[in-house]
file run_30.cif (mmCIF, C-alpha atoms (C1' of nucleotides))
data_query
loop_
_atom_site.label_atom_id
_atom_site.label_comp_id
_atom_site.auth_asym_id
_atom_site.auth_seq_id
_atom_site.Cartn_x
_atom_site.Cartn_y
_atom_site.Cartn_z
CA MET A 5 30.70 25.15 24.90
CA PHE A 6 27.57 25.68 27.01
CA LYS A 7 27.86 29.00 28.75
CA ASP A 8 25.79 29.49 31.88
CA LEU A 9 22.42 31.05 31.25
CA ASP A 10 21.59 33.97 33.53
CA PRO A 11 18.91 32.41 35.76
CA LEU A 12 17.17 35.73 36.08
CA LEU A 13 16.50 35.80 32.37
CA HIS A 14 15.98 32.09 31.94
CA SER A 15 12.36 32.34 32.99
CA GLN A 16 9.52 32.53 30.53
CA LEU A 17 7.78 35.52 32.03
CA ARG A 18 10.87 37.56 32.88
CA LEU A 19 12.30 36.89 29.43
CA ALA A 20 9.04 38.00 27.80
CA VAL A 21 9.06 41.20 29.84
CA MET A 22 12.65 41.94 28.90
CA SER A 23 11.90 41.16 25.27
CA LEU A 24 9.10 43.71 25.29
CA LEU A 25 11.06 46.35 27.15
CA ILE A 26 14.12 46.07 24.96
CA SER A 27 12.19 47.25 21.93
CA LEU A 28 9.67 49.45 23.71
CA ASP A 29 11.77 51.52 26.07
CA ALA A 30 8.82 51.98 28.45
CA ALA A 31 5.74 49.94 29.31
CA ASP A 32 3.20 49.99 32.10
CA PHE A 33 2.05 47.11 34.28
CA THR A 34 -1.24 46.54 32.50
CA PHE A 35 0.36 46.52 29.08
CA LEU A 36 2.96 43.97 30.18
CA LYS A 37 0.26 41.87 31.81
CA GLU A 38 -1.78 41.76 28.62
CA LYS A 39 1.11 41.13 26.28
CA THR A 40 2.60 38.38 28.41
CA LYS A 41 -0.81 36.91 29.35
CA SER A 42 0.36 36.58 32.92
CA THR A 43 -1.48 36.98 36.17
CA ALA A 44 -0.98 40.23 38.05
CA GLY A 45 0.56 38.44 41.02
CA ASN A 46 3.11 36.60 39.00
CA LEU A 47 3.99 39.70 37.02
CA SER A 48 4.37 41.77 40.17
CA VAL A 49 6.83 39.25 41.65
CA GLN A 50 8.86 38.92 38.47
CA LEU A 51 9.07 42.67 37.90
CA ASP A 52 10.41 43.04 41.43
CA LYS A 53 13.11 40.48 40.69
CA LEU A 54 14.15 42.22 37.50
CA SER A 55 14.15 45.50 39.36
CA GLU A 56 16.23 44.17 42.24
CA ALA A 57 18.74 42.85 39.73
CA GLY A 58 18.95 46.31 38.23
CA TYR A 59 17.71 45.06 34.87
CA ILE A 60 14.70 47.36 34.83
CA SER A 61 13.61 50.49 36.62
CA ILE A 62 10.13 50.80 38.04
CA GLU A 63 8.42 54.12 38.44
CA LYS A 64 5.18 54.48 40.31
CA SER A 65 2.90 57.39 39.56
CA PHE A 66 -0.77 58.10 38.89
CA ASN A 67 -2.73 58.19 35.69
CA GLY A 68 -5.45 60.54 36.84
CA LYS A 69 -6.59 58.77 39.97
CA LYS A 70 -5.36 55.30 39.06
CA PRO A 71 -1.99 53.98 40.06
CA LEU A 72 0.44 53.57 37.18
CA THR A 73 3.52 51.40 37.26
CA THR A 74 5.94 52.15 34.45
CA CYS A 75 8.87 49.91 33.63
CA ARG A 76 11.99 50.66 31.66
CA ILE A 77 14.93 48.51 30.76
CA THR A 78 18.29 49.72 32.10
CA LYS A 79 21.72 49.64 30.47
CA LYS A 80 22.57 46.71 32.70
CA GLY A 81 19.39 45.00 31.56
CA ILE A 82 20.20 45.48 27.90
CA LYS A 83 23.66 44.03 28.46
CA ALA A 84 22.26 41.06 30.37
CA PHE A 85 19.71 40.37 27.66
CA GLU A 86 22.34 40.50 24.94
CA ASP A 87 24.62 38.20 26.91
CA TYR A 88 21.76 35.80 27.47
CA VAL A 89 20.92 35.68 23.77
CA ASN A 90 24.54 35.05 22.88
CA SER A 91 24.88 32.28 25.45
CA LEU A 92 21.67 30.66 24.27
CA LYS A 93 22.95 30.49 20.73
CA GLY A 94 25.46 27.88 21.87
CA TYR A 95 22.56 25.64 22.85
CA LEU A 96 20.47 26.16 19.76
CA LYS A 97 22.78 25.67 16.84
CA THR A 98 22.29 22.16 15.56
CA MET B 29 3.33 36.65 20.44
CA PHE B 30 5.07 34.72 23.21
CA LYS B 31 4.43 31.04 22.69
CA ASP B 32 4.75 28.81 25.72
CA LEU B 33 8.18 27.31 26.13
CA ASP B 34 8.19 23.56 26.75
CA PRO B 35 9.19 23.44 30.42
CA LEU B 36 10.99 20.17 29.86
CA LEU B 37 13.39 21.83 27.49
CA HIS B 38 13.54 25.17 29.27
CA SER B 39 16.19 23.92 31.66
CA GLN B 40 19.86 24.59 31.17
CA LEU B 41 21.05 21.04 31.63
CA ARG B 42 18.26 19.29 29.73
CA LEU B 43 18.62 21.77 26.88
CA ALA B 44 22.38 21.14 26.75
CA VAL B 45 21.80 17.39 26.65
CA MET B 46 19.28 17.72 23.85
CA SER B 47 21.60 20.06 21.98
CA LEU B 48 24.36 17.45 22.11
CA LEU B 49 22.10 14.56 21.20
CA ILE B 50 20.50 16.30 18.27
CA SER B 51 23.81 16.48 16.43
CA LEU B 52 25.41 13.35 17.86
CA ASP B 53 22.75 10.68 17.51
CA ALA B 54 24.17 8.74 20.47
CA ALA B 55 26.13 9.65 23.59
CA ASP B 56 26.95 7.89 26.84
CA PHE B 57 26.47 9.15 30.37
CA THR B 58 30.10 10.04 30.98
CA PHE B 59 30.39 11.94 27.73
CA LEU B 60 27.27 13.98 28.51
CA LYS B 61 28.51 14.60 32.03
CA GLU B 62 31.82 15.98 30.76
CA LYS B 63 30.37 18.08 27.97
CA THR B 64 27.69 19.62 30.15
CA LYS B 65 29.97 19.93 33.18
CA SER B 66 27.15 18.65 35.35
CA THR B 67 27.20 16.45 38.43
CA ALA B 68 26.29 12.81 37.95
CA GLY B 69 23.27 13.11 40.22
CA ASN B 70 21.82 16.06 38.42
CA LEU B 71 22.44 14.49 35.03
CA SER B 72 20.84 11.22 36.12
CA VAL B 73 17.67 13.00 37.21
CA GLN B 74 17.44 15.14 34.08
CA LEU B 75 18.05 12.20 31.74
CA ASP B 76 15.20 10.37 33.45
CA LYS B 77 12.91 13.30 32.85
CA LEU B 78 13.82 13.48 29.18
CA SER B 79 13.36 9.75 28.91
CA GLU B 80 9.98 9.78 30.65
CA ALA B 81 8.85 12.48 28.25
CA GLY B 82 9.89 10.27 25.37
CA TYR B 83 12.42 12.83 24.16
CA ILE B 84 15.37 10.45 24.48
CA SER B 85 15.85 6.71 24.76
CA ILE B 86 18.20 5.25 27.35
CA GLU B 87 19.92 1.93 26.84
CA LYS B 88 21.85 0.28 29.63
CA SER B 89 24.58 -2.20 28.79
CA PHE B 90 28.15 -2.99 29.78
CA ASN B 91 31.43 -1.76 28.41
CA GLY B 92 33.53 -4.73 29.48
CA LYS B 93 32.66 -4.87 33.16
CA LYS B 94 31.60 -1.27 33.56
CA PRO B 95 28.02 -0.15 33.23
CA LEU B 96 27.32 1.91 30.16
CA THR B 97 24.33 4.19 29.72
CA THR B 98 23.74 5.24 26.14
CA CYS B 99 21.31 8.00 25.21
CA ARG B 100 19.70 8.75 21.90
CA ILE B 101 17.30 11.46 20.87
CA THR B 102 13.93 10.26 19.60
CA LYS B 103 11.78 11.61 16.79
CA LYS B 104 9.54 13.14 19.42
CA GLY B 105 12.60 14.73 20.99
CA ILE B 106 13.76 16.23 17.73
CA LYS B 107 10.31 17.67 17.14
CA ALA B 108 10.16 19.10 20.66
CA PHE B 109 13.59 20.67 20.30
CA GLU B 110 12.67 22.27 16.99
CA ASP B 111 9.43 23.59 18.41
CA TYR B 112 11.27 24.99 21.40
CA VAL B 113 13.79 26.78 19.21
CA ASN B 114 11.02 28.27 17.10
CA SER B 115 9.09 29.43 20.14
CA LEU B 116 12.19 30.95 21.67
CA LYS B 117 12.80 33.03 18.58
CA GLY B 118 9.72 35.06 19.45
CA TYR B 119 11.42 36.09 22.69
CA LEU B 120 14.79 36.90 21.22
CA LYS B 121 14.16 39.08 18.23
CA THR B 122 14.73 42.66 19.23
"C1'" DG C 15 44.06 -10.99 49.44
"C1'" DT C 16 42.43 -7.06 51.34
"C1'" DA C 17 42.21 -2.07 51.99
"C1'" DA C 18 41.79 2.17 49.49
"C1'" DA C 19 40.52 4.66 45.60
"C1'" DG C 20 38.04 5.12 41.35
"C1'" DT C 21 34.00 4.50 38.09
"C1'" DA C 22 29.26 4.77 36.92
"C1'" DG C 23 25.68 5.76 38.25
"C1'" DT C 24 20.85 6.36 41.64
"C1'" DT C 25 18.27 8.13 45.49
"C1'" DT C 26 17.12 11.49 48.68
"C1'" DA C 27 17.12 15.96 50.76
"C1'" DT C 28 17.25 20.84 50.33
"C1'" DA C 29 17.09 25.26 48.37
"C1'" DT C 30 15.14 27.98 44.77
"C1'" DT C 31 11.51 29.17 41.57
"C1'" DA C 32 7.22 29.74 39.48
"C1'" DT C 33 2.61 30.31 40.07
"C1'" DA C 34 -1.83 30.91 41.89
"C1'" DA C 35 -4.76 32.28 45.44
"C1'" DA C 36 -5.93 35.52 48.69
"C1'" DC C 37 -5.84 40.00 49.84
"C1'" DC C 38 -5.96 45.39 49.78
"C1'" DA C 39 -7.28 50.17 48.56
"C1'" DA C 40 -9.37 53.08 45.70
"C1'" DA C 41 -12.43 54.09 41.71
"C1'" DA C 42 -16.22 53.23 38.71
"C1'" DT C 43 -20.66 51.28 37.97
"C1'" DT C 44 -25.42 49.84 38.98
"C1'" DA D 18 -24.86 52.64 48.98
"C1'" DA D 19 -23.74 48.07 47.59
"C1'" DT D 20 -21.17 45.60 43.85
"C1'" DT D 21 -17.74 45.27 40.50
"C1'" DT D 22 -13.57 46.64 38.42
"C1'" DT D 23 -8.84 48.34 38.33
"C1'" DG D 24 -4.21 48.04 39.65
"C1'" DG D 25 -1.72 46.14 42.03
"C1'" DT D 26 0.96 43.32 46.58
"C1'" DT D 27 1.59 39.59 49.81
"C1'" DT D 28 1.50 34.96 51.07
"C1'" DA D 29 1.08 30.06 50.41
"C1'" DT D 30 1.84 26.08 47.66
"C1'" DA D 31 3.47 23.28 44.07
"C1'" DA D 32 7.14 22.32 40.95
"C1'" DT D 33 12.11 22.41 39.77
"C1'" DA D 34 16.91 22.31 39.97
"C1'" DT D 35 20.76 20.91 42.32
"C1'" DA D 36 23.91 18.93 45.46
"C1'" DA D 37 24.98 15.65 48.81
"C1'" DA D 38 24.79 11.11 50.28
"C1'" DC D 39 24.58 6.60 48.97
"C1'" DT D 40 25.08 1.98 46.21
"C1'" DA D 41 27.43 -1.42 43.68
"C1'" DC D 42 31.02 -2.78 41.50
"C1'" DT D 43 36.08 -2.52 39.63
"C1'" DT D 44 40.81 -1.38 39.64
"C1'" DT D 45 45.03 -0.38 41.88
"C1'" DA D 46 48.41 -0.50 45.64
"C1'" DC D 47 50.25 -2.64 49.34
#

call {"tool": "encode", "arguments": {"input": "run_30.cif", "output": "structure tokens"}}
result
Amino acid sequence: MFKDLDPLLHSQLRLAVMSLLISLDAADFTFLKEKTKSTAGNLSVQLDKLSEAGYISIEKSFNGKKPLTTCRITKKGIKAFEDYVNSLKGYLKT
Amino acid sequence: MFKDLDPLLHSQLRLAVMSLLISLDAADFTFLKEKTKSTAGNLSVQLDKLSEAGYISIEKSFNGKKPLTTCRITKKGIKAFEDYVNSLKGYLKT
DNA sequence: GTAAAGTAGTTTATATTATAAACCAAAATT
DNA sequence: AATTTTGGTTTATAATATAAACTACTTTAC
């Protein structure tokens, strides 16, 4: 009846990031920070967790002289997000 | 874009409890424990939190000689659940 | 009738998580 | 050349979830 909710996705900020990445394909740190209205520190930590789980890939480069962190959702991440949404549905239908 | 998710409802067990109560109107401790497959201790704590928030009411009585804890969702709880579901939608649409 | 097991919970301790605050290095601005 | 801003990371703290231990009583088995 109530399937377990992936704890990695059941977090407001990580879920917001995944939600953005699933329709955007690529997004940089600053963009994610603005869209999610998070602090840089929090975002940095949560991106690491998503990355360690293999849900996103993180690529570090430079935009001119400024560091640029680009995130992309992985296949595994897409699957996890879809699973999470399906599990959640069991909790939401009234 | 991403509305804040009520932290009281953004918890697997509390959400499951609210999901049950919203369509059941009343449920006792043992029933909730079985349906949510939670431990008694965890359920006890989470029910208290929902109760303190005014999302559910808890009535203690006796079923013969055994203690009976009956839970009901409140108007405030229904509103909170609906708000939560609506906020979540912003995270899930792909 | 009393010891053991079961029921219905609560309290407390611990592990995990989220978040903010502090920090760092380089670049841009005054 | 000092100050502020950008783009982050690391570390510390507060909040949360969860399980384990406990309480109080009841039922069952001997």

call {"tool": "interface_residues", "arguments": {"input": "run_30.cif", "of": "chain C", "to": "chain A", "cutoff": "9 Å", "atoms": "only C-alpha atoms (C1' of nucleotides)", "output": "list of chain:residue names"}}
result
C:DA32, C:DT33, C:DA34, C:DA40, C:DA41

call {"tool": "closest_atom_pairs", "arguments": {"input": "run_30.cif", "of": "chain A", "to": "chain B", "cutoff": "12 Å", "atoms": "all atoms listed in the file", "output": "Markdown table"}}
result
| residue | atom | partner | partner_atom | distance |
| --- | --- | --- | --- | --- |
| A:Met5 | CA | B:Lys63 | CA | 7.7 |
| A:Phe6 | CA | B:Thr64 | CA | 6.8 |
| A:Lys7 | CA | B:Gln40 | CA | 9.5 |
| A:Asp8 | CA | B:Gln40 | CA | 7.7 |
| A:Leu9 | CA | B:Gln40 | CA | 6.9 |
| A:Asp10 | CA | B:Gln40 | CA | 9.8 |
| A:Pro11 | CA | B:Gln40 | CA | 9.1 |
| A:Leu13 | CA | B:Tyr119 | CA | 10.9 |
| A:His14 | CA | B:His38 | CA | 7.8 |
| A:Ser15 | CA | B:His38 | CA | 8.2 |
| A:Gln16 | CA | B:Leu33 | CA | 7.0 |
| A:Leu17 | CA | B:Phe30 | CA | 9.3 |
| A:Arg18 | CA | B:Tyr119 | CA | 10.3 |
| A:Leu19 | CA | B:Tyr119 | CA | 6.8 |
| A:Ala20 | CA | B:Tyr119 | CA | 6.0 |
| A:Val21 | CA | B:Tyr119 | CA | 9.1 |
| A:Met22 | CA | B:Tyr119 | CA | 8.6 |
| A:Ser23 | CA | B:Tyr119 | CA | 5.7 |
| A:Leu24 | CA | B:Thr122 | CA | 8.3 |
| A:Leu25 | CA | B:Thr122 | CA | 9.5 |
| A:Ile26 | CA | B:Thr122 | CA | 6.7 |
| A:Ser27 | CA | B:Thr122 | CA | 5.9 |
| A:Leu28 | CA | B:Thr122 | CA | 9.6 |
| A:Asp29 | CA | B:Thr122 | CA | 11.6 |
| A:Leu36 | CA | B:Phe30 | CA | 11.8 |
| A:Glu38 | CA | B:Met29 | CA | 10.9 |
| A:Lys39 | CA | B:Met29 | CA | 7.7 |
| A:Thr40 | CA | B:Phe30 | CA | 6.8 |
| A:Lys41 | CA | B:Phe30 | CA | 8.8 |
| A:Ser42 | CA | B:Phe30 | CA | 11.0 |
| A:Ile82 | CA | B:Thr122 | CA | 10.6 |
| A:Phe85 | CA | B:Leu120 | CA | 8.8 |
| A:Glu86 | CA | B:Leu120 | CA | 9.2 |
| A:Asp87 | CA | B:Leu120 | CA | 11.4 |
| A:Tyr88 | CA | B:Leu120 | CA | 9.4 |
| A:Val89 | CA | B:Leu120 | CA | 6.8 |
| A:Asn90 | CA | B:Leu120 | CA | 10.1 |
| A:Ser91 | CA | B:Gln40 | CA | 10.8 |
| A:Leu92 | CA | B:Gln40 | CA | 9.4 |
| A:Lys93 | CA | B:Val113 | CA | 10.0 |
| A:Gly94 | CA | B:Ser47 | CA | 8.7 |
| A:Tyr95 | CA | B:Ser47 | CA | 5.7 |
| A:Leu96 | CA | B:Ser47 | CA | 6.6 |
| A:Lys97 | CA | B:Ser47 | CA | 7.7 |
| A:Thr98 | CA | B:Ser51 | CA | 5.9 |

call {"tool": "resolve_selection", "arguments": {"input": "run_30.cif", "expression": "the PyMOL selection byres ((chain D) within 10 of (chain B))", "output": "list in words"}}
result
DT33, DA34, DT35, DA36, DA37, DC42 and DT43 of chain D

call {"tool": "resolve_selection", "arguments": {"input": "run_30.cif", "expression": "the PyMOL selection byres ((chain C and resi 26) around 10)", "output": "ChimeraX atom specification"}}
result
/C:24-25,27-28 /D:37-39

call {"tool": "atom_distance", "arguments": {"input": "run_30.cif", "atom1": "CA of Ser48 in chain A", "atom2": "CA of Leu36 in chain B"}}
result
24.8 Å

call {"tool": "resolve_selection", "arguments": {"input": "run_30.cif", "expression": "the PyMOL selection byres ((chain B and resi 104) around 9)", "output": "PyMOL selection string"}}
result
chain B and resi 81-84+101-103+105-109

call {"tool": "atom_distance", "arguments": {"input": "run_30.cif", "atom1": "CA of Thr73 in chain A", "atom2": "C1' of DT30 in chain D"}}
result
27.4 Å

call {"tool": "atom_distance", "arguments": {"input": "run_30.cif", "atom1": "C1' of DG15 in chain C", "atom2": "CA of Phe90 in chain B"}}
result
26.5 Å

call {"tool": "closest_residue", "arguments": {"input": "run_30.cif", "among": "B:Ala54, B:Gly92, B:Phe59, B:Cys99", "to": "Ser79 in chain B", "atoms": "only C-alpha atoms"}}
result
B:Cys99

call {"tool": "residues_around", "arguments": {"input": "run_30.cif", "residues": "DA46 in chain D", "least_positions_apart": "6", "cutoff": "12 Å", "atoms": "all atoms listed in the file", "output": "list of chain:residue names"}}
result
C:DG15, C:DT16, C:DA17, C:DA18, C:DA19
